[in-house]
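Data block for entry28.csv (CSV, C-alpha atoms):
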```csv
chain,number,residue,atom,x,y,z
R,120,MET,CA,107.6,26.5,91.3
R,121,THR,CA,105.6,23.4,90.4
R,122,ALA,CA,106.4,21.4,87.3
R,123,THR,CA,103.5,20.2,85.2
R,124,THR,CA,103.7,16.7,84.0
R,125,ARG,CA,102.2,15.8,80.7
R,126,THR,CA,100.5,12.5,80.2
R,127,ARG,CA,101.5,10.7,77.0
R,128,LEU,CA,98.4,9.7,75.1
R,129,THR,CA,98.0,6.7,72.8
R,130,PRO,CA,97.3,7.6,69.1
R,131,GLU,CA,93.6,6.7,69.6
R,132,GLN,CA,93.4,8.8,72.8
R,133,ARG,CA,95.1,11.8,71.1
R,134,ARG,CA,92.8,11.5,68.0
R,135,GLU,CA,89.8,11.4,70.4
R,136,GLN,CA,91.0,14.4,72.3
R,137,LEU,CA,91.5,16.4,69.1
R,138,LEU,CA,88.0,15.4,67.9
R,139,GLU,CA,86.4,16.4,71.2
R,140,LEU,CA,88.2,19.8,71.2
R,141,GLY,CA,87.1,20.2,67.5
R,142,LEU,CA,83.5,19.5,68.5
R,143,ARG,CA,83.7,22.1,71.3
R,144,LEU,CA,85.0,24.7,68.8
R,145,PHE,CA,82.5,23.6,66.2
R,146,ALA,CA,79.5,24.2,68.5
R,147,GLY,CA,80.2,27.9,68.5
R,148,THR,CA,81.6,28.6,65.1
R,149,THR,CA,81.3,27.7,61.4
R,150,ILE,CA,83.0,24.7,59.8
R,151,ASP,CA,85.5,27.0,58.0
R,152,GLU,CA,86.3,28.9,61.2
R,153,ILE,CA,87.5,25.8,63.1
R,154,SER,CA,91.0,27.1,64.0
R,155,ILE,CA,93.9,24.6,63.7
R,156,ASP,CA,96.1,27.1,65.6
R,157,ARG,CA,93.6,27.4,68.5
R,158,LEU,CA,93.1,23.6,68.5
R,159,SER,CA,96.9,22.9,68.6
R,160,GLU,CA,97.3,25.5,71.4
R,161,GLU,CA,94.5,24.0,73.5
R,162,ALA,CA,95.7,20.5,73.0
R,163,GLY,CA,99.3,21.4,73.7
R,164,ILE,CA,100.5,19.9,70.4
R,165,SER,CA,102.0,21.0,67.2
R,166,ARG,CA,100.0,21.7,64.1
R,167,GLY,CA,101.9,19.0,62.4
R,168,LEU,CA,100.4,16.4,64.7
R,169,ILE,CA,96.9,17.4,63.6
R,170,TYR,CA,98.0,16.9,60.0
R,171,HIS,CA,99.5,13.5,61.0
R,172,TYR,CA,96.2,12.3,62.4
R,173,PHE,CA,93.8,13.9,59.8
R,174,GLY,CA,95.9,14.5,56.7
R,175,SER,CA,94.9,18.1,56.3
R,176,LYS,CA,92.9,21.0,57.8
R,177,GLN,CA,90.0,20.0,55.7
R,178,GLY,CA,90.4,16.3,56.7
R,179,PHE,CA,90.2,17.4,60.4
R,180,ARG,CA,87.1,19.6,59.8
R,181,GLU,CA,85.4,16.7,58.0
R,182,ALA,CA,86.2,14.3,60.8
R,183,VAL,CA,84.7,16.8,63.3
R,184,VAL,CA,81.6,17.1,61.2
R,185,GLN,CA,81.3,13.3,61.0
R,186,ARG,CA,81.6,13.2,64.8
R,187,ALA,CA,79.0,15.9,65.2
R,188,ALA,CA,76.6,14.0,62.9
R,189,ASP,CA,77.2,10.8,64.9
R,190,ASP,CA,76.5,12.6,68.1
R,191,LEU,CA,73.3,14.0,66.7
R,192,ILE,CA,72.1,10.6,65.7
R,193,ALA,CA,73.0,9.2,69.2
R,194,GLN,CA,71.5,12.0,71.2
R,195,THR,CA,68.2,11.9,69.3
R,196,GLU,CA,67.7,8.1,69.7
R,197,PRO,CA,64.0,7.5,70.5
R,198,PRO,CA,63.4,6.2,74.1
R,199,GLU,CA,61.8,2.8,74.9
R,200,GLY,CA,58.1,2.7,75.1
R,201,ASP,CA,54.9,1.9,73.1
R,202,ASP,CA,53.5,5.2,72.0
R,203,PRO,CA,55.2,6.3,68.8
R,204,ILE,CA,54.1,10.0,69.3
R,205,VAL,CA,55.7,10.0,72.8
R,206,LYS,CA,58.9,8.6,71.3
R,207,LEU,CA,58.9,11.0,68.4
R,208,LEU,CA,58.3,14.0,70.8
R,209,ALA,CA,61.3,12.8,73.0
R,210,SER,CA,63.5,12.4,70.0
R,211,LEU,CA,62.6,15.8,68.6
R,212,THR,CA,63.0,17.5,72.0
R,213,ALA,CA,66.5,16.0,72.0
R,214,TYR,CA,67.1,17.4,68.5
R,215,VAL,CA,66.0,20.9,69.5
R,216,ASP,CA,68.3,20.7,72.5
R,217,TYR,CA,71.2,19.6,70.3
R,218,VAL,CA,70.6,22.4,67.8
R,219,ILE,CA,70.5,25.0,70.7
R,220,ALA,CA,73.7,23.6,72.2
R,221,ASN,CA,75.5,23.5,68.9
R,222,TYR,CA,73.8,26.3,67.0
R,223,GLU,CA,76.6,27.9,65.0
R,224,GLY,CA,78.2,24.6,64.0
R,225,TYR,CA,74.9,22.9,63.1
R,226,ARG,CA,73.8,25.9,61.1
R,227,SER,CA,77.1,25.9,59.2
R,228,LEU,CA,76.7,22.2,58.6
R,229,VAL,CA,73.3,22.7,57.0
R,230,ARG,CA,74.7,25.5,54.8
R,231,ALA,CA,77.8,23.6,53.9
R,232,ALA,CA,75.7,20.6,52.9
R,233,ALA,CA,73.8,22.9,50.6
R,234,GLY,CA,77.0,24.3,49.2
R,235,GLY,CA,80.0,22.8,47.4
R,236,ASN,CA,81.7,20.5,49.8
R,237,GLU,CA,80.9,17.0,48.6
R,238,THR,CA,82.2,15.2,51.7
R,239,VAL,CA,80.2,17.4,54.1
R,240,ARG,CA,77.1,17.0,52.0
R,241,ALA,CA,77.6,13.2,52.1
R,242,ILE,CA,78.0,13.2,55.9
R,243,TYR,CA,74.9,15.4,56.2
R,244,GLU,CA,72.8,13.2,53.8
R,245,ASN,CA,73.9,10.0,55.5
R,246,ALA,CA,72.9,11.4,58.9
R,247,ARG,CA,69.6,12.5,57.6
R,248,ALA,CA,69.0,9.1,55.9
R,249,ALA,CA,69.9,7.3,59.1
R,250,MET,CA,67.4,9.3,61.1
R,251,ILE,CA,64.7,8.8,58.5
R,252,ASP,CA,65.4,5.0,58.4
R,253,ARG,CA,65.4,5.0,62.2
R,254,THR,CA,62.0,6.7,62.2
R,255,PHE,CA,60.5,3.8,60.2
R,256,ALA,CA,62.4,1.1,62.2
R,257,THR,CA,61.2,2.4,65.6
R,258,PRO,CA,59.0,-0.2,67.3
R,259,GLY,CA,55.4,0.8,67.2
R,260,VAL,CA,55.8,3.5,64.5
R,261,ASP,CA,54.0,1.3,62.0
R,262,ALA,CA,50.7,2.4,63.7
R,263,LEU,CA,51.6,5.9,62.6
R,264,LEU,CA,53.6,5.5,59.4
R,265,ALA,CA,53.3,2.8,56.7
R,266,ASP,CA,56.7,2.3,55.1
R,267,THR,CA,55.9,3.2,51.5
R,268,PRO,CA,57.7,5.4,49.0
R,269,ALA,CA,55.1,8.1,49.3
R,270,THR,CA,55.4,8.1,53.1
R,271,ARG,CA,59.2,8.2,52.9
R,272,LEU,CA,58.9,11.2,50.6
R,273,VAL,CA,56.6,12.9,53.1
R,274,VAL,CA,59.0,12.1,56.0
R,275,ARG,CA,61.9,13.5,54.0
R,276,GLY,CA,60.1,16.7,53.4
R,277,TRP,CA,59.0,16.8,57.1
R,278,VAL,CA,62.7,16.5,58.2
R,279,ALA,CA,63.5,19.5,56.1
R,280,PHE,CA,60.6,21.4,57.7
R,281,VAL,CA,61.8,20.4,61.2
R,282,GLU,CA,65.3,21.5,60.4
R,283,ASP,CA,64.3,24.9,59.0
R,284,THR,CA,61.7,25.5,61.7
R,285,VAL,CA,64.1,24.8,64.6
R,286,LEU,CA,66.9,27.0,63.0
R,287,ALA,CA,64.4,29.8,62.4
R,288,TRP,CA,63.2,29.5,66.1
R,289,CYS,CA,66.8,29.7,67.3
R,290,ASP,CA,67.2,32.9,65.4
R,291,ALA,CA,63.9,34.4,66.7
R,292,PRO,CA,61.8,32.4,69.2
R,293,ASP,CA,59.1,35.1,69.2
R,294,GLY,CA,57.5,33.9,72.4
R,295,VAL,CA,57.4,30.2,71.3
R,296,THR,CA,58.9,28.0,74.1
R,297,ARG,CA,61.2,25.1,73.4
R,298,ASP,CA,58.5,22.7,74.5
R,299,GLU,CA,56.0,24.3,72.2
R,300,LEU,CA,58.4,24.1,69.3
R,301,ALA,CA,59.1,20.4,69.9
R,302,LYS,CA,55.3,19.8,69.9
R,303,ILE,CA,54.7,21.8,66.7
R,304,VAL,CA,57.3,19.8,64.8
R,305,THR,CA,56.1,16.5,66.3
R,306,ASP,CA,52.4,17.2,65.5
R,307,ALA,CA,53.3,18.1,61.9
R,308,LEU,CA,54.3,14.6,61.0
R,309,PRO,CA,51.0,12.8,61.5
R,310,ALA,CA,49.2,15.8,59.9
R,311,LEU,CA,51.4,15.5,56.8
R,312,VAL,CA,51.0,11.7,56.6
R,313,ALA,CA,47.2,12.0,56.9
R,314,THR,CA,47.3,13.9,53.5
R,315,LEU,CA,48.2,10.5,51.9
R,316,ASP,CA,44.9,8.9,52.8
```
Write out the structure in this file as structure tokens.
Amino acid sequence: MTATTRTRLTPEQRREQLLELGLRLFAGTTIDEISIDRLSEEAGISRGLIYHYFGSKQGFREAVVQRAADDLIAQTEPPEGDDPIVKLLASLTAYVDYVIANYEGYRSLVRAAAGGNETVRAIYENARAAMIDRTFATPGVDALLADTPATRLVVRGWVAFVEDTVLAWCDAPDGVTRDELAKIVTDALPALVATLD
């Protein structure tokens, strides 16, 4: 019989481990279904330790949602380059891939943000605002988008269109490929901005 040795983690490492496990659970379930029991079992720790690090079940769920939002922002960072449409397409393709990989969790985040949880709504709105600000701050994008209140309003509406379109496609692709989807949502932005002229 072989004995298993446990590695003692620092508080930061343990918190990180719990968030990573939470993210994995969140990818395939709703926010409210993230199971503290399953998490404590997989991590090999007591439920009390989760409460020690996050204060409550809701505190843990909100920390997982924040991490998911941070990951989304990082994974959709536009690449280097000069062509704003090429950068936008790459960023939106990464977004589509993120939603596909984290469909249940992402969908529940969108629904929770529309519902009553103020903290989740704030996380969602902050992530959305960061991606909109990043769109305007991307080098070369000024050739495509003038940073005006009207353009920001259009971009905000376009972000909602992208989100709804990608979620609807995940539910029923109906013969539209991932690449076609990314191109559709990318091409929609210059078309919408052109209505401001």
Considering all atoms listed in the file, return as a PyMOL selection string whatever protein or nucleic-acid residues lie within 8 Å of segment 157-164 of chain R, sequence-local ones (same chain, fewer than 6 positions apart) excluded.
chain R and resi 136-137+140-141
Kindly extract all protein, DNA and RNA residues lying within 6 Å of the coordinates (83.4, 23.3, 64.5) given in the file, considering only C-alpha atoms, and supply them as a VMD selection string.
chain R and resid 141 to 142 144 to 146 148 to 150 153 224
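You will find atom CA of Glu199 of chain R at 12.0 Å from atom CA of Val260 of chain R.
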When distances are computed from all atoms listed in the file, which of R:Val285, R:Val239, R:Leu311, R:Leu264 shows the smallest separation from Gly178 of chain R?
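Comparing R:Val285, R:Val239, R:Leu311, R:Leu264 against Gly178 of chain R, the winner is R:Val239.
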Determine, for each residue of segment 177-229 of chain R having at least one atom at most 12 Å from an atom of segment 246-258 of chain R, the closest pair of atoms and their separation in Å to one decimal, counting only C-alpha atoms; order by chain and ascending number, as a Markdown table.
```
| residue | atom | partner | partner_atom | distance |
| --- | --- | --- | --- | --- |
| R:Val184 | CA | R:Ala246 | CA | 10.7 |
| R:Gln185 | CA | R:Ala246 | CA | 8.9 |
| R:Arg186 | CA | R:Ala246 | CA | 10.7 |
| R:Ala187 | CA | R:Ala246 | CA | 9.9 |
| R:Ala188 | CA | R:Ala246 | CA | 6.0 |
| R:Asp189 | CA | R:Ala246 | CA | 7.4 |
| R:Asp190 | CA | R:Ala246 | CA | 10.0 |
| R:Leu191 | CA | R:Ala246 | CA | 8.2 |
| R:Ile192 | CA | R:Met250 | CA | 6.7 |
| R:Ala193 | CA | R:Met250 | CA | 9.8 |
| R:Gln194 | CA | R:Met250 | CA | 11.2 |
| R:Thr195 | CA | R:Met250 | CA | 8.6 |
| R:Glu196 | CA | R:Arg253 | CA | 8.4 |
| R:Pro197 | CA | R:Thr257 | CA | 7.6 |
| R:Pro198 | CA | R:Thr257 | CA | 9.6 |
| R:Glu199 | CA | R:Pro258 | CA | 8.6 |
| R:Gly200 | CA | R:Pro258 | CA | 8.4 |
| R:Asp201 | CA | R:Pro258 | CA | 7.4 |
| R:Asp202 | CA | R:Pro258 | CA | 9.0 |
| R:Pro203 | CA | R:Pro258 | CA | 7.7 |
| R:Ile204 | CA | R:Thr257 | CA | 11.0 |
| R:Val205 | CA | R:Thr257 | CA | 11.8 |
| R:Lys206 | CA | R:Thr257 | CA | 8.7 |
| R:Leu207 | CA | R:Thr254 | CA | 8.2 |
| R:Leu208 | CA | R:Thr254 | CA | 11.9 |
| R:Ser210 | CA | R:Thr254 | CA | 9.8 |
| R:Leu211 | CA | R:Met250 | CA | 11.0 |
| R:Tyr214 | CA | R:Met250 | CA | 11.0 |
| R:Leu228 | CA | R:Ala246 | CA | 11.5 |
| R:Val229 | CA | R:Arg247 | CA | 10.9 |
```
Can you check which parts of segment 220-286 of chain R lie within 9 Å of segment 293-306 of chain R? Per residue, the shortest pair of atoms and distance in Å to one decimal, counting all atoms listed in the file, sorted by chain and number, as a Markdown table.
```
| residue | atom | partner | partner_atom | distance |
| --- | --- | --- | --- | --- |
| R:Trp277 | CA | R:Val304 | CA | 8.4 |
| R:Phe280 | CA | R:Val304 | CA | 8.0 |
| R:Val281 | CA | R:Val304 | CA | 5.8 |
| R:Thr284 | CA | R:Val304 | CA | 7.8 |
| R:Val285 | CA | R:Leu300 | CA | 7.4 |
```
Could you jot down the atom CA of Tyr172 of chain R to atom CA of Arg134 of chain R separation for me, Å, one decimal place?
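Atom-to-atom, atom CA of Tyr172 of chain R and atom CA of Arg134 of chain R are spaced 6.6 Å apart.
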Just the number, please: distance in Å from atom CA of Ile169 of chain R to atom CA of Asp156 of chain R, one decimal.
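Between these atoms lies a distance of 9.9 Å.
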Of the listed residues R:Ala182, R:Ile242, R:Ala313, R:Cys289, that which approaches Tyr217 of chain R most closely, counting all atoms listed in the file:
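That would be R:Cys289, the residue with the smallest distance to Tyr217 of chain R.
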With distances taken over all atoms listed in the file, which residue among R:Leu308, R:Leu315, R:Ala231, R:Ala241 lies nearest Pro268 of chain R?
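Counting all atoms listed in the file, the residue closest to Pro268 of chain R is R:Leu315.
If only C-alpha atoms are the atoms counted, then among R:Asn245, R:Thr270, R:Asn221, R:Ser227 the closest residue to Gly147 of chain R is R:Asn221.
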